[in-house]
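Engineer: Got a structure here, written out as structure tokens. Questions coming.
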Amino acid sequence: MSDSKVVAEMIKNSRQLVKFSLGVYKNHRFVDMRLHVLGENGDKTIPTKKGIALSPTLWREFKRTLGKVEEAMIQEGWLDREDLEVQE
């Protein structure tokens, strides 16, 4: 049995969101980033098979890789550096 705690959510579109959770399965810790869809009534979300689960030992490399993707998006003109500024 898996034990997990949702720590963040991000809306993808009107019917989908990405949930970020910390979990434990068979004594192994993981960070799960999973696509969820709204249920028929729109009152709850249902996890899909689309997602990724990483062990904490891979987190640093994952963040480093995201930085490379971000830089490539800027170089290709898909993003401006100003788009990355944190807004309060």
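Following the order of the structure tokens, chains are lettered A, B, ..., residues in each are numbered from 1, and ligands are numbered from 1.
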Return as a PyMOL selection string the full set of residues in segment 2-87 of chain A whose backbone-based DSSP assignment is alpha helix (DSSP H).

Structural biologist: chain A and resi 59-75

Engineer: I need the chosen residues saved as a PDB file, in the first residue's frame, with C-alpha atoms.

Structural biologist:
ATOM      1  CA  TRP A  59      15.871  15.095  -7.228  1.00  0.00           C
ATOM      2  CA  ARG A  60      19.052  17.158  -7.598  1.00  0.00           C
ATOM      3  CA  GLU A  61      19.718  15.761 -11.088  1.00  0.00           C
ATOM      4  CA  PHE A  62      16.065  16.316 -12.039  1.00  0.00           C
ATOM      5  CA  LYS A  63      16.280  20.004 -11.047  1.00  0.00           C
ATOM      6  CA  ARG A  64      19.571  20.358 -12.933  1.00  0.00           C
ATOM      7  CA  THR A  65      17.961  18.840 -16.032  1.00  0.00           C
ATOM      8  CA  LEU A  66      14.958  21.182 -15.776  1.00  0.00           C
ATOM      9  CA  GLY A  67      17.425  24.080 -15.756  1.00  0.00           C
ATOM     10  CA  LYS A  68      18.882  22.827 -19.049  1.00  0.00           C
ATOM     11  CA  VAL A  69      15.398  22.546 -20.557  1.00  0.00           C
ATOM     12  CA  GLU A  70      14.558  26.047 -19.340  1.00  0.00           C
ATOM     13  CA  GLU A  71      17.724  27.472 -20.895  1.00  0.00           C
ATOM     14  CA  ALA A  72      16.959  25.709 -24.195  1.00  0.00           C
ATOM     15  CA  MET A  73      13.436  27.189 -24.191  1.00  0.00           C
ATOM     16  CA  ILE A  74      14.929  30.668 -23.759  1.00  0.00           C
ATOM     17  CA  GLN A  75      17.472  30.056 -26.542  1.00  0.00           C
TER      18      GLN A  75
END

Engineer: Which residues, written as a list of chain:residue names, have at least one atom at most 7 Å from Asp32 of chain A, with only C-alpha atoms counted and residues fewer than 2 positions away on the same chain left out?

Structural biologist: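 In the requested form, the answer reads A:Phe20, A:Ser21, A:Leu22, A:Phe30, A:Arg34, A:Ile52, A:Ala53, A:Leu54.
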
Engineer: Out of A:Ile46, A:Ser55, A:Trp78, A:Lys19, which residue has the shortest atom-to-atom distance to Met33 of chain A when counting only C-alpha atoms?

Structural biologist: A:Lys19
